[in-house]
Amino acid sequence: MPLRTLSLAIATALALTACQAPPEAPPASTAEAPPPAAAPATRADIAAKVAAYAEVALTADLSHLAEGDRQALALLIEAGEVIDGLFWKQVWGDRESLLARIDDPATRRFAEINYGPWDRLDDDRPFVAGIGPRPPGARFYPEDMTRAEFEQADLPGKSSLYTVIRRTDAGTLAAVPYHEAYRAELERVAALLRQAAAVASDAGFRHYLGLRADALLDSDYQPSDMAWMDMKTSPIDVVIGPIESYQDALFGTKTAFEAFVLVKDVAWSERLARFAKHLPALQRGLPVAEAYKRETPGTDADLNAYFALYYGGDANAGAKTIAINLPNDEEVQLAKGSRRLQLENTMRAKFDTILMPIARELIAEDQLDHVAFDAFFENVMFHEVAHGLGIKNTLDGKGTVREALTDLASSYEEGKADILGLYMIGKLGQMGELDPARLHDNYVTFLAGLFRSVRFGASSAHGQANMVAFNFLEQAGAFSRDPASGRYRVDFDRMAQAVDALSARILTLQGDGDYAGAKALRDQLGRIGPALAGDLARLEQRSIPVDIVLKQGRAQLGL
């Protein structure tokens, strides 16, 4: 979901002998002078947190695939496993040294789920004794670097999405390209991608794999993004590389490694294919002044459903995404649009194990029939479609929305996609593309989905976006809470009005590049109030899973 801009220009970096692959030193929280550690959770607490993840097996029917594609899937999963190890390096350091210091099996398992000693669904709270707060810059920057030092450094490549910042022997900062910092692992991944290309059945997919292998070794990802957009007919797919910048809470710039290995659900994909042609009309109809919708989204985009076979790295850390919208490069988006991949098996797993139990606890009983998987699927799908709408460059001509909103860009992009997704469903109903009578299902299911998402915690871009939406909609009267039952009821007319109002607010903040205004709105509405906190505690008491954890891999698939 969960989305970031890919670099448009790969910056040159200083090739200093002191700046090779990052050493496996402890992260900032375990340096020589660590900050005071929070009281660690008890073993019983950790065991309960592990139990709060529902285990889901990633499987799919592969019998229709050619033998070469089956071989390619095994190679791609192996590549994803290498990427998984790289992500550990980016967010913690040496995985085995961390796990070796933990003697409790449940705590060790929780560290594996979180890719480190911080609880990703509890505001990154540390849960291992002796561990302090999570460094906001993860392992992308020196642990002793200040913001002022970084901002004042005249350092080519320092703001690239594909460099790590290291300190030289002389004490200065240096920007090291990913393909140098992680060369051994990336050479292995590139080789596996080329082996997969040699056996895959689809020519476009083979071309993409070759270009992606090149990109891993030179950090120029735009050619492979273009090739991925042109690839339409492959029965299998892989998303792999440094993609999202959620992990960089210092500047929101550095991208983390992740991998998805996928097989297409042809039947569902055919049902979704017709929506892309409506993007320009939907852009023109956005409920905002003309200047904020002057960009034309690409129409060479596609919507497809997939079965996920493997999640690795950033994709597998903490909460699992159920849809993908890529690429993030604005130039590629403007030229070709983007691809929206709905991960049907993980989506169904979250609906059945998490969203429906939440709805039964918190949604008014007479509106429970409006909570439906088809509405959930549509809400997620049009969230991803909505990333292509709005504006990518600020109206003042000074740069992208990402550059203007910096650390707030991620949460506002997610908030935009959430609310514009609902707006689009209503408009498509008016256009006869969706059943307008089912819009109420989308509204109530969206509200139930907010409860699911805010459990991710306020530290995530998605959590912040959903809290702003929740509080804005509540203040607009889009829904109300019965204090006696603690259940929520949607006011359908006011919900429609509030969707337009919040859409306009976010699109205007983005187009103006209004950092101060965006921060003020986030600070005002991006918090969990006492009533909602109590309701979320009720969910915890009912032992409703907070998310899913995956049983996956080549053996799981018989590969």
# chains A, B, ... in the order shown; residues from 1 in each chain; ligands from 1

call {"tool": "closest_atom_pairs", "arguments": {"of": "stretch 310-339 of chain A", "to": "stretch 244-250 of chain A", "cutoff": "12 Å", "atoms": "only C-alpha atoms", "output": "CSV"}}
result
residue,atom,partner,partner_atom,distance
A:Gly313,CA,A:Glu244,CA,10.9
A:Asp314,CA,A:Glu244,CA,7.9
A:Ala315,CA,A:Glu244,CA,9.2
A:Ala317,CA,A:Gln247,CA,10.3
A:Gly318,CA,A:Gln247,CA,11.9
A:Ile324,CA,A:Glu244,CA,11.1
A:Asn325,CA,A:Glu244,CA,10.9
A:Leu326,CA,A:Glu244,CA,10.0
A:Pro327,CA,A:Glu244,CA,10.1
A:Asn328,CA,A:Glu244,CA,8.4
A:Asp329,CA,A:Glu244,CA,11.1

call {"tool": "residues_around", "arguments": {"residues": "stretch 470-479 of chain A", "least_positions_apart": "2", "cutoff": "7 Å", "atoms": "only C-alpha atoms", "output": "PyMOL selection string"}}
result
chain A and resi 450+466-468+488-492+494-495+498+525

call {"tool": "residues_around", "arguments": {"residues": "A:Ala496", "least_positions_apart": "3", "cutoff": "9 Å", "atoms": "only C-alpha atoms", "output": "PDB file with C-alpha atoms, in the first residue's frame"}}
result
ATOM      1  CA  LEU A 422     -14.173   6.010  -1.614  1.00  0.00           C
ATOM      2  CA  TYR A 423     -14.799   9.045  -3.818  1.00  0.00           C
ATOM      3  CA  GLY A 426     -19.186   6.629  -5.689  1.00  0.00           C
ATOM      4  CA  TYR A 443     -18.771   3.077   3.575  1.00  0.00           C
ATOM      5  CA  ALA A 478     -20.048  10.826   8.897  1.00  0.00           C
ATOM      6  CA  ASP A 491     -24.625   8.374   8.393  1.00  0.00           C
ATOM      7  CA  PHE A 492     -24.565   7.693   4.654  1.00  0.00           C
ATOM      8  CA  ASP A 493     -25.473  11.195   3.450  1.00  0.00           C
ATOM      9  CA  VAL A 499     -15.450  12.198   1.739  1.00  0.00           C
ATOM     10  CA  ASP A 500     -15.498  15.148  -0.672  1.00  0.00           C
ATOM     11  CA  ALA A 501     -14.406  17.595   2.036  1.00  0.00           C
TER      12      ALA A 501
END

call {"tool": "closest_residue", "arguments": {"among": "A:Ser411, A:Gln90, A:Gln497, A:Thr445", "to": "A:Gln464", "atoms": "only C-alpha atoms"}}
result
A:Ser411

call {"tool": "closest_residue", "arguments": {"among": "A:Arg167, A:Gly130, A:Ala335, A:Ala198", "to": "A:Asp230", "atoms": "only C-alpha atoms"}}
result
A:Ala335

call {"tool": "residues_around", "arguments": {"residues": "stretch 66-76 of chain A", "least_positions_apart": "6", "cutoff": "12 Å", "atoms": "only C-alpha atoms", "output": "count of residues only"}}
result
49

call {"tool": "residues_around", "arguments": {"residues": "A:Arg339", "least_positions_apart": "6", "cutoff": "10 Å", "atoms": "only C-alpha atoms", "output": "list in words"}}
result
Trp228, Met229, Asp230, Lys232, Ala276, Asp300, Ala301, Asp302, Leu303, Asn304, Ile324, Asn325, Leu326, Pro327, Gln333, Glu384, Val385 and Gly388 of chain A

call {"tool": "closest_residue", "arguments": {"among": "A:Arg294, A:Lys350, A:Arg538, A:His370", "to": "A:Ala323", "atoms": "only C-alpha atoms"}}
result
A:Lys350

call {"tool": "residues_around", "arguments": {"residues": "A:Arg101", "least_positions_apart": "5", "cutoff": "12 Å", "atoms": "only C-alpha atoms", "output": "list in words"}}
result
Asp94, Arg95, Glu96, Thr107, Arg108, Ala111, Pro117, Val128, Ala129, Gly130 and Ile131 of chain A
